[in-house]
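Chemist: Before I ask anything, let me first share the structure, which is written out below as structure tokens.
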Amino acid sequence: MELKNNTILITGGTSGFGHEFATKLLNLGNIVIITGRDQTKLDLIKKTLPQIHTFKSDVSDAEQITQLYQQVTSQFPDLNMLINNAGEMRKISLHDSSIDINDITREIDINLIGPIRMVQQFLPHLKSKPSAAILNVTSGIALIPFPIAPIYGATKAGLRSYTKSLRIQLKNTNIKVFELVAPGSKTPLNDKFNNMDGFDEKLLMEPGKLIDTAIKGLQNDKLEIYPGIARLLLIMSRIFPAFMLKQLSKPGAKEMAG
Ligand SMILES: NC(=O)c1ccc[n+]([C@@H]2O[C@H](COP(=O)([O-])OP(=O)(O)OC[C@H]3O[C@@H](n4cnc5c(N)ncnc54)[C@H](OP(=O)(O)O)[C@@H]3O)[C@@H](O)[C@H]2O)c1
């Protein structure tokens with residue numbers, strides 16, 4: 001797809017990949033709209049990049065998605081691309097009885113239900129455009145579970161499955177459906193995993209480089225984009241699934257054992 005003159009909505013654009021996408025897509029000549037839950041962070045971005053449009057919106061809240069849809073489509077009727085990027089990853093011991101049954105599914109609300117609802121809400125609008133795209137950000141952890149973050153892994157595997165179905169169902173429309181299978185990267189999402197036994201920070205990719213690869217993939221119509229070691233993870237997860245699970249079970253192994 002041509003990444004110029006589009007109007008692009010990015011969920012979670014205040015840090016990490018979302019912020020990289022926003023800056024780079026703006027520089028390519030697109031109108032960029034970002035969301036986030038924290039007004040202070042949104043205001044800060046607006047100060048440094050005044051061309052970016054910001055909306056405070058929590059992707060885990062259905063009412064806020066509907067409100068976002070109304071505001072964005074009335075102010076930006078040319079909106080033709082949605083990047084479902086907002087996400088959270090938590091280190092969770094399933095032995096921890098202090099986590100209540102509402103809180104245990106929080107990542108599902110943000111990382112899986114959020115994108116599904118965003119697509120449901122924005123799909124008729126995107127269908128009305130001559131050319132449109134949806135990009136869902138999954139993870140290498142969609143390919144192999146990461147036991148220290150058990151709910152996160154389930155959300156990304158679920159989002160990957162949903163994205164494949166969405167692509168098939170939209171095959172006769174003007175909407176291209178992309179998946180960014182991102183490998184581990186140096187963003188705030190990973191801060192809580194740094195210095196953890198068995199977690200190799202050297203394997204984390206620079207977010208700027210990762211998003212450059214994602215943008216090239218979009219421009220070349222690669223529907224599944226595997227930056228850095230993500231392609232190797234895909235191959236290894238197919239040939240040696242048990243070995244790969246063993247490797248990804250190393251970080252936090254003691255904590256997880258109860
Ligand atoms: N970094 C990695 O290693 C890695 C690897 C694979 C995939 N990913 C995926 O890449 C995406 C971006 O992650 P990142 O690494 O860039 O993380 P990040 O730096 O922590 O950024 C997450 C962004 O999402 C926003 N956000 C979180 N919860 C939200 C909610 N409920 N509603 C709206 N916005 C929300 C955050 O803003 P507020 O907190 O202000 O709302 C922030 O802007 C995520 O889907 C993540 O799972 C990351």
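Here, A, B, ... name the chains of the structure tokens in the order displayed, residue numbers run from 1 inside each chain, and ligands are numbered from 1 in the same displayed order.
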Give me the residues of chain A that have any atom at most 8 Å from an atom of ligand 1; for each, the nearest atom pair and the distance in Å, rounded to one decimal. Use only C-alpha atoms and all ligand atoms, sort by chain and number, and format it as CSV.
Modeler:
```
residue,atom,partner,partner_atom_place_in_ligand_line,distance
A:Thr11,CA,ligand 1,34 (N),5.7
A:Gly12,CA,ligand 1,24 (O),3.4
A:Gly13,CA,ligand 1,43 (O),4.4
A:Thr14,CA,ligand 1,43 (O),3.7
A:Ser15,CA,ligand 1,19 (O),4.3
A:Gly16,CA,ligand 1,16 (O),3.3
A:Phe17,CA,ligand 1,16 (O),3.8
A:Gly18,CA,ligand 1,16 (O),5.6
A:His19,CA,ligand 1,43 (O),7.2
A:Thr35,CA,ligand 1,34 (N),6.0
A:Gly36,CA,ligand 1,34 (N),3.9
A:Arg37,CA,ligand 1,41 (O),3.6
A:Asp38,CA,ligand 1,40 (O),4.1
A:Gln39,CA,ligand 1,40 (O),7.4
A:Lys41,CA,ligand 1,40 (O),6.3
A:Leu42,CA,ligand 1,40 (O),7.6
A:Lys56,CA,ligand 1,33 (C),7.8
A:Ser57,CA,ligand 1,33 (C),5.7
A:Asp58,CA,ligand 1,32 (N),3.5
A:Val59,CA,ligand 1,32 (N),3.9
A:Ser60,CA,ligand 1,31 (N),4.9
A:Asp61,CA,ligand 1,31 (N),7.6
A:Asn84,CA,ligand 1,45 (O),7.4
A:Asn85,CA,ligand 1,45 (O),4.6
A:Ala86,CA,ligand 1,24 (O),3.6
A:Gly87,CA,ligand 1,45 (O),3.6
A:Glu88,CA,ligand 1,27 (C),5.5
A:Met89,CA,ligand 1,47 (O),6.3
A:Asp109,CA,ligand 1,31 (N),7.8
A:Ile110,CA,ligand 1,31 (N),5.0
A:Asn111,CA,ligand 1,45 (O),6.2
A:Gly114,CA,ligand 1,31 (N),7.7
A:Val137,CA,ligand 1,45 (O),5.4
A:Thr138,CA,ligand 1,7 (C),5.4
A:Ser139,CA,ligand 1,6 (C),3.9
A:Gly140,CA,ligand 1,6 (C),6.2
A:Ile141,CA,ligand 1,6 (C),7.1
A:Tyr152,CA,ligand 1,47 (O),7.6
A:Lys156,CA,ligand 1,47 (O),7.4
A:Val181,CA,ligand 1,6 (C),6.7
A:Ala182,CA,ligand 1,6 (C),4.2
A:Pro183,CA,ligand 1,5 (C),4.8
A:Gly184,CA,ligand 1,3 (O),3.3
A:Ser185,CA,ligand 1,3 (O),3.8
A:Lys186,CA,ligand 1,1 (N),5.9
A:Thr187,CA,ligand 1,15 (O),4.7
A:Pro188,CA,ligand 1,19 (O),4.4
A:Leu189,CA,ligand 1,20 (O),3.8
A:Asn190,CA,ligand 1,1 (N),5.8
A:Leu204,CA,ligand 1,3 (O),6.9
A:Met205,CA,ligand 1,3 (O),7.9
A:Pro207,CA,ligand 1,1 (N),7.6
```
Chemist: Any idea what's packed within 10 Å of Phe146 of chain A, counting only C-alpha atoms, ignoring anything in its chain fewer than 6 positions away? Could you give it as a PDB file with all heavy atoms, in the first residue's frame?
Modeler:
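For reference, part.pdb as written:
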```
ATOM      1  N   LYS A  91       3.637  -9.551  34.179  1.00  0.00           N
ATOM      2  CA  LYS A  91       4.264 -10.750  34.721  1.00  0.00           C
ATOM      3  C   LYS A  91       3.258 -11.288  35.737  1.00  0.00           C
ATOM      4  O   LYS A  91       2.885 -10.575  36.662  1.00  0.00           O
ATOM      5  CB  LYS A  91       5.531 -10.261  35.431  1.00  0.00           C
ATOM      6  CG  LYS A  91       6.479 -11.270  35.872  1.00  0.00           C
ATOM      7  CD  LYS A  91       7.781 -10.561  36.222  1.00  0.00           C
ATOM      8  CE  LYS A  91       7.886 -10.326  37.696  1.00  0.00           C
ATOM      9  NZ  LYS A  91       9.139  -9.732  38.121  1.00  0.00           N
ATOM     10  N   GLY A 140       5.868 -12.190  18.818  1.00  0.00           N
ATOM     11  CA  GLY A 140       6.501 -13.505  18.736  1.00  0.00           C
ATOM     12  C   GLY A 140       5.868 -14.454  19.749  1.00  0.00           C
ATOM     13  O   GLY A 140       5.847 -15.675  19.573  1.00  0.00           O
ATOM     14  N   TYR A 152      -1.003 -12.595  28.700  1.00  0.00           N
ATOM     15  CA  TYR A 152      -0.514 -11.860  27.522  1.00  0.00           C
ATOM     16  C   TYR A 152      -0.357 -12.806  26.328  1.00  0.00           C
ATOM     17  O   TYR A 152      -0.828 -12.518  25.220  1.00  0.00           O
ATOM     18  CB  TYR A 152       0.831 -11.208  27.854  1.00  0.00           C
ATOM     19  CG  TYR A 152       1.429 -10.423  26.707  1.00  0.00           C
ATOM     20  CD1 TYR A 152       1.021  -9.130  26.447  1.00  0.00           C
ATOM     21  CD2 TYR A 152       2.414 -10.981  25.884  1.00  0.00           C
ATOM     22  CE1 TYR A 152       1.573  -8.400  25.389  1.00  0.00           C
ATOM     23  CE2 TYR A 152       2.967 -10.262  24.834  1.00  0.00           C
ATOM     24  CZ  TYR A 152       2.542  -8.978  24.588  1.00  0.00           C
ATOM     25  OH  TYR A 152       3.074  -8.264  23.546  1.00  0.00           O
ATOM     26  N   GLY A 153       0.302 -13.947  26.546  1.00  0.00           N
ATOM     27  CA  GLY A 153       0.514 -14.908  25.460  1.00  0.00           C
ATOM     28  C   GLY A 153      -0.806 -15.361  24.861  1.00  0.00           C
ATOM     29  O   GLY A 153      -0.945 -15.477  23.637  1.00  0.00           O
ATOM     30  N   ALA A 154      -1.772 -15.591  25.744  1.00  0.00           N
ATOM     31  CA  ALA A 154      -3.092 -16.035  25.252  1.00  0.00           C
ATOM     32  C   ALA A 154      -3.735 -14.939  24.398  1.00  0.00           C
ATOM     33  O   ALA A 154      -4.364 -15.223  23.373  1.00  0.00           O
ATOM     34  CB  ALA A 154      -3.987 -16.386  26.441  1.00  0.00           C
ATOM     35  N   MET A 244      11.489 -24.711  22.024  1.00  0.00           N
ATOM     36  CA  MET A 244      11.255 -23.269  22.125  1.00  0.00           C
ATOM     37  C   MET A 244      10.476 -22.926  23.402  1.00  0.00           C
ATOM     38  O   MET A 244      10.749 -21.934  24.067  1.00  0.00           O
ATOM     39  CB  MET A 244      10.509 -22.748  20.889  1.00  0.00           C
ATOM     40  CG  MET A 244      11.356 -22.749  19.636  1.00  0.00           C
ATOM     41  SD  MET A 244      12.958 -21.935  19.852  1.00  0.00           S
ATOM     42  CE  MET A 244      12.467 -20.234  20.013  1.00  0.00           C
ATOM     43  N   LEU A 245       9.508 -23.771  23.731  1.00  0.00           N
ATOM     44  CA  LEU A 245       8.739 -23.528  24.969  1.00  0.00           C
ATOM     45  C   LEU A 245       9.663 -23.628  26.188  1.00  0.00           C
ATOM     46  O   LEU A 245       9.562 -22.827  27.121  1.00  0.00           O
ATOM     47  CB  LEU A 245       7.564 -24.516  25.070  1.00  0.00           C
ATOM     48  CG  LEU A 245       6.693 -24.378  26.309  1.00  0.00           C
ATOM     49  CD1 LEU A 245       6.108 -22.966  26.447  1.00  0.00           C
ATOM     50  CD2 LEU A 245       5.544 -25.394  26.296  1.00  0.00           C
ATOM     51  N   LYS A 246      10.592 -24.573  26.136  1.00  0.00           N
ATOM     52  CA  LYS A 246      11.555 -24.728  27.240  1.00  0.00           C
ATOM     53  C   LYS A 246      12.393 -23.453  27.385  1.00  0.00           C
ATOM     54  O   LYS A 246      12.616 -22.959  28.491  1.00  0.00           O
ATOM     55  CB  LYS A 246      12.456 -25.937  26.939  1.00  0.00           C
ATOM     56  CG  LYS A 246      13.073 -26.530  28.157  1.00  0.00           C
ATOM     57  CD  LYS A 246      13.729 -27.845  27.814  1.00  0.00           C
ATOM     58  CE  LYS A 246      14.779 -28.165  28.841  1.00  0.00           C
ATOM     59  NZ  LYS A 246      15.665 -29.236  28.411  1.00  0.00           N
ATOM     60  N   GLN A 247      12.844 -22.902  26.251  1.00  0.00           N
ATOM     61  CA  GLN A 247      13.656 -21.680  26.294  1.00  0.00           C
ATOM     62  C   GLN A 247      12.854 -20.514  26.881  1.00  0.00           C
ATOM     63  O   GLN A 247      13.334 -19.766  27.713  1.00  0.00           O
ATOM     64  CB  GLN A 247      14.129 -21.282  24.873  1.00  0.00           C
ATOM     65  CG  GLN A 247      15.027 -22.299  24.198  1.00  0.00           C
ATOM     66  CD  GLN A 247      16.189 -22.709  25.084  1.00  0.00           C
ATOM     67  OE1 GLN A 247      16.950 -21.878  25.573  1.00  0.00           O
ATOM     68  NE2 GLN A 247      16.321 -24.004  25.323  1.00  0.00           N
ATOM     69  N   LEU A 248      11.609 -20.386  26.441  1.00  0.00           N
ATOM     70  CA  LEU A 248      10.791 -19.253  26.899  1.00  0.00           C
ATOM     71  C   LEU A 248      10.241 -19.462  28.316  1.00  0.00           C
ATOM     72  O   LEU A 248       9.653 -18.562  28.895  1.00  0.00           O
ATOM     73  CB  LEU A 248       9.652 -18.952  25.902  1.00  0.00           C
ATOM     74  CG  LEU A 248      10.103 -17.938  24.847  1.00  0.00           C
ATOM     75  CD1 LEU A 248      10.779 -18.626  23.680  1.00  0.00           C
ATOM     76  CD2 LEU A 248       8.957 -17.095  24.355  1.00  0.00           C
ATOM     77  N   SER A 249      10.463 -20.667  28.852  1.00  0.00           N
ATOM     78  CA  SER A 249      10.030 -20.937  30.236  1.00  0.00           C
ATOM     79  C   SER A 249      11.098 -20.547  31.241  1.00  0.00           C
ATOM     80  O   SER A 249      10.866 -20.599  32.452  1.00  0.00           O
ATOM     81  CB  SER A 249       9.723 -22.432  30.410  1.00  0.00           C
ATOM     82  OG  SER A 249       8.713 -22.820  29.518  1.00  0.00           O
ATOM     83  N   LYS A 250      12.286 -20.144  30.750  1.00  0.00           N
ATOM     84  CA  LYS A 250      13.399 -19.848  31.671  1.00  0.00           C
ATOM     85  C   LYS A 250      13.206 -18.575  32.479  1.00  0.00           C
ATOM     86  O   LYS A 250      13.417 -18.589  33.691  1.00  0.00           O
ATOM     87  CB  LYS A 250      14.721 -19.846  30.907  1.00  0.00           C
ATOM     88  CG  LYS A 250      15.143 -21.265  30.512  1.00  0.00           C
ATOM     89  CD  LYS A 250      16.445 -21.287  29.767  1.00  0.00           C
ATOM     90  CE  LYS A 250      16.789 -22.745  29.395  1.00  0.00           C
ATOM     91  NZ  LYS A 250      17.886 -22.817  28.441  1.00  0.00           N
ATOM     92  N   PRO A 251      12.797 -17.444  31.849  1.00  0.00           N
ATOM     93  CA  PRO A 251      12.637 -16.233  32.674  1.00  0.00           C
ATOM     94  C   PRO A 251      11.596 -16.442  33.790  1.00  0.00           C
ATOM     95  O   PRO A 251      10.491 -16.930  33.536  1.00  0.00           O
ATOM     96  CB  PRO A 251      12.151 -15.176  31.666  1.00  0.00           C
ATOM     97  CG  PRO A 251      12.571 -15.695  30.344  1.00  0.00           C
ATOM     98  CD  PRO A 251      12.516 -17.188  30.441  1.00  0.00           C
TER      99      PRO A 251
END
```
Chemist: Would you list, as a compact mmCIF listing (two decimals) with N, CA and C atoms, in the first residue's frame, the residues of segment 6-240 of chain A that end up in strand (DSSP E) under DSSP run on this structure's backbone?
Modeler:
```
# COMPACT_ATOMS: atom_id res chain seq x y z
N THR A 7 -5.18 8.71 6.27
CA THR A 7 -5.54 9.22 7.60
C THR A 7 -5.56 8.00 8.51
N ILE A 8 -4.64 8.01 9.49
CA ILE A 8 -4.32 6.79 10.24
C ILE A 8 -4.60 6.96 11.74
N LEU A 9 -5.37 6.04 12.29
CA LEU A 9 -5.65 6.04 13.73
C LEU A 9 -4.82 4.95 14.40
N ILE A 10 -4.02 5.35 15.39
CA ILE A 10 -3.15 4.40 16.10
C ILE A 10 -3.58 4.36 17.56
N ILE A 31 -1.90 11.87 7.71
CA ILE A 31 -2.52 12.49 8.89
C ILE A 31 -2.56 11.42 9.96
N VAL A 32 -2.05 11.75 11.16
CA VAL A 32 -1.92 10.73 12.20
C VAL A 32 -2.70 11.13 13.46
N ILE A 33 -3.48 10.16 13.93
CA ILE A 33 -4.30 10.35 15.14
C ILE A 33 -3.87 9.27 16.12
N ILE A 34 -3.59 9.67 17.36
CA ILE A 34 -3.20 8.64 18.34
C ILE A 34 -4.14 8.67 19.55
N THR A 35 -4.19 7.54 20.25
CA THR A 35 -4.97 7.48 21.50
C THR A 35 -4.06 7.03 22.64
N GLY A 36 -4.60 7.13 23.84
CA GLY A 36 -3.93 6.66 25.04
C GLY A 36 -4.84 6.98 26.21
N HIS A 53 -2.76 14.41 16.04
CA HIS A 53 -4.05 14.61 16.70
C HIS A 53 -4.20 13.58 17.80
N THR A 54 -4.67 14.01 18.95
CA THR A 54 -4.72 13.08 20.09
C THR A 54 -6.13 12.97 20.65
N PHE A 55 -6.47 11.78 21.10
CA PHE A 55 -7.75 11.53 21.77
C PHE A 55 -7.50 10.64 22.97
N LYS A 56 -8.05 11.04 24.11
CA LYS A 56 -7.94 10.19 25.30
C LYS A 56 -9.00 9.10 25.17
N MET A 81 -7.18 4.08 7.76
CA MET A 81 -6.30 3.03 8.29
C MET A 81 -6.38 2.99 9.81
N LEU A 82 -6.45 1.78 10.33
CA LEU A 82 -6.51 1.57 11.78
C LEU A 82 -5.33 0.69 12.19
N ILE A 83 -4.55 1.18 13.16
CA ILE A 83 -3.46 0.37 13.72
C ILE A 83 -3.82 0.02 15.16
N ASN A 84 -4.14 -1.25 15.38
CA ASN A 84 -4.46 -1.73 16.73
C ASN A 84 -3.16 -2.08 17.43
N ALA A 132 -8.24 0.95 2.03
CA ALA A 132 -8.14 1.01 3.50
C ALA A 132 -7.28 -0.14 4.02
N ALA A 133 -6.88 0.00 5.29
CA ALA A 133 -6.05 -1.06 5.89
C ALA A 133 -6.28 -1.15 7.39
N ILE A 134 -6.08 -2.36 7.89
CA ILE A 134 -6.08 -2.60 9.34
C ILE A 134 -4.77 -3.32 9.65
N LEU A 135 -4.04 -2.82 10.65
CA LEU A 135 -2.83 -3.51 11.10
C LEU A 135 -3.02 -3.90 12.56
N ASN A 136 -2.92 -5.19 12.85
CA ASN A 136 -2.98 -5.64 14.23
C ASN A 136 -1.57 -6.00 14.69
N VAL A 137 -1.19 -5.48 15.86
CA VAL A 137 0.15 -5.77 16.38
C VAL A 137 0.06 -6.98 17.30
N ILE A 175 -10.23 -3.50 1.91
CA ILE A 175 -9.42 -3.37 3.14
C ILE A 175 -8.36 -4.46 3.20
N LYS A 176 -7.09 -4.03 3.31
CA LYS A 176 -5.99 -5.00 3.49
C LYS A 176 -5.81 -5.22 4.99
N VAL A 177 -5.63 -6.48 5.37
CA VAL A 177 -5.46 -6.80 6.79
C VAL A 177 -4.03 -7.28 7.03
N PHE A 178 -3.30 -6.51 7.83
CA PHE A 178 -1.89 -6.81 8.11
C PHE A 178 -1.73 -7.29 9.56
N GLU A 179 -0.68 -8.08 9.77
CA GLU A 179 -0.30 -8.45 11.14
C GLU A 179 1.19 -8.14 11.31
N LEU A 180 1.51 -7.41 12.36
CA LEU A 180 2.91 -7.19 12.71
C LEU A 180 3.26 -8.14 13.85
N GLU A 224 1.79 -10.48 6.53
CA GLU A 224 2.35 -10.86 7.84
C GLU A 224 3.79 -10.38 7.86
N ILE A 225 4.08 -9.50 8.82
CA ILE A 225 5.40 -8.87 8.86
C ILE A 225 6.17 -9.42 10.07
```
Chemist: Name the residues in contact with Leu26 of chain A at a cut-off of 9 Å, using only C-alpha atoms, excluding same-chain residues fewer than 4 positions from it; report them as a PyMOL selection string.
Modeler: chain A and resi 4+21-22+30-32+51-52
Chemist: Keeping C-alpha atoms, export the residues of the selection given above as a PDB file, in the first residue's frame.
Modeler:
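Result written to result.pdb:
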```
ATOM      1  CA  LYS A   4       1.221   8.650   1.925  1.00  0.00           C
ATOM      2  CA  PHE A  21       4.660   4.602  14.067  1.00  0.00           C
ATOM      3  CA  ALA A  22       3.122   8.026  14.669  1.00  0.00           C
ATOM      4  CA  ASN A  30      -0.008  11.026   6.463  1.00  0.00           C
ATOM      5  CA  ILE A  31      -2.524  12.494   8.887  1.00  0.00           C
ATOM      6  CA  VAL A  32      -1.920  10.729  12.203  1.00  0.00           C
ATOM      7  CA  GLN A  51       0.703  17.992  13.779  1.00  0.00           C
ATOM      8  CA  ILE A  52      -0.409  14.835  15.617  1.00  0.00           C
TER       9      ILE A  52
END
```
Chemist: Could you tell me how far atom CA of Leu218 of chain A sits from atom CA of Leu3 of chain A, in Å to one decimal place?
Modeler: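 Rounded to one decimal, the two atoms are 7.7 Å apart.
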Chemist: Can you tell me, as a count of residues only, which residues in segment 13-103 of chain A count as helix (DSSP H, G or I) by DSSP?
Modeler: 37
Chemist: What's the 8 Å shell around Gly252 of chain A, counting only C-alpha atoms, without same-chain residues fewer than 3 positions away, as a PyMOL selection string?
Modeler: chain A and resi 148+196-198+249+255-256
Chemist: Pick the closest to Glu20 of chain A from A:Thr66, A:Asn220, A:Ser237, A:Thr213: which is it, counting only C-alpha atoms?
Modeler: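 Smallest separation from Glu20 of chain A among the options: A:Thr213.
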Chemist: Would you kindly return, as a JSON list (two decimals) with N, CA and C atoms, in the first residue's frame, each protein, DNA or RNA residue with an atom no farther than 10 Å from any atom of Leu234 of chain A, considering only C-alpha atoms and excluding same-chain residues fewer than 2 positions away?
Modeler:
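Now in part-v4.json:
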```
[["chain", "number", "residue", "atom", "x", "y", "z"],
["A", 140, "GLY", "N", 5.87, -12.19, 18.82],
["A", 140, "GLY", "CA", 6.50, -13.50, 18.74],
["A", 140, "GLY", "C", 5.87, -14.45, 19.75],
["A", 141, "ILE", "N", 5.32, -13.86, 20.81],
["A", 141, "ILE", "CA", 4.68, -14.66, 21.86],
["A", 141, "ILE", "C", 3.30, -15.18, 21.42],
["A", 142, "ALA", "N", 2.86, -14.76, 20.23],
["A", 142, "ALA", "CA", 1.67, -15.39, 19.64],
["A", 142, "ALA", "C", 2.04, -16.77, 19.08],
["A", 143, "LEU", "N", 3.35, -16.98, 18.86],
["A", 143, "LEU", "CA", 3.81, -18.22, 18.22],
["A", 143, "LEU", "C", 4.20, -19.28, 19.25],
["A", 144, "ILE", "N", 4.74, -18.81, 20.37],
["A", 144, "ILE", "CA", 5.22, -19.71, 21.44],
["A", 144, "ILE", "C", 4.79, -19.07, 22.77],
["A", 181, "VAL", "N", 4.06, -9.16, 13.52],
["A", 181, "VAL", "CA", 4.48, -10.14, 14.54],
["A", 181, "VAL", "C", 5.78, -9.60, 15.13],
["A", 226, "TYR", "N", 7.38, -9.94, 9.81],
["A", 226, "TYR", "CA", 8.19, -10.56, 10.87],
["A", 226, "TYR", "C", 9.53, -9.85, 10.98],
["A", 229, "ILE", "N", 14.22, -11.11, 14.81],
["A", 229, "ILE", "CA", 14.22, -12.55, 15.08],
["A", 229, "ILE", "C", 12.83, -13.17, 15.01],
["A", 230, "ALA", "N", 11.80, -12.38, 14.69],
["A", 230, "ALA", "CA", 10.44, -12.96, 14.65],
["A", 230, "ALA", "C", 10.33, -14.07, 13.61],
["A", 231, "ARG", "N", 11.02, -13.89, 12.46],
["A", 231, "ARG", "CA", 10.96, -14.93, 11.41],
["A", 231, "ARG", "C", 11.58, -16.23, 11.91],
["A", 232, "LEU", "N", 12.71, -16.09, 12.62],
["A", 232, "LEU", "CA", 13.38, -17.28, 13.18],
["A", 232, "LEU", "C", 12.46, -17.96, 14.21],
["A", 236, "MET", "N", 11.35, -21.78, 14.12],
["A", 236, "MET", "CA", 11.69, -22.64, 15.26],
["A", 236, "MET", "C", 10.44, -23.15, 15.96],
["A", 237, "SER", "N", 9.41, -22.32, 16.02],
["A", 237, "SER", "CA", 8.17, -22.73, 16.72],
["A", 237, "SER", "C", 7.48, -23.87, 15.96],
["A", 238, "ARG", "N", 7.74, -23.92, 14.65],
["A", 238, "ARG", "CA", 7.14, -25.00, 13.86],
["A", 238, "ARG", "C", 7.97, -26.27, 13.91],
["A", 239, "ILE", "N", 9.30, -26.11, 13.86],
["A", 239, "ILE", "CA", 10.16, -27.31, 13.80],
["A", 239, "ILE", "C", 10.44, -27.87, 15.20],
["A", 241, "PRO", "N", 8.87, -27.03, 18.57],
["A", 241, "PRO", "CA", 7.99, -26.32, 19.52],
["A", 241, "PRO", "C", 8.31, -26.60, 20.99]]
```
Chemist: Which one of A:Leu223, A:Ile92, A:Leu210, A:Ile101 sits closest to Thr163 of chain A if you count only C-alpha atoms?
Modeler: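 Result for the nearest residue to Thr163 of chain A: A:Leu223.
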Chemist: Using only C-alpha atoms, pick whichever of A:Leu159, A:Lys129, A:Pro150, A:Asp100 has the shortest atom-to-atom distance to Ile113 of chain A.
Modeler: A:Leu159
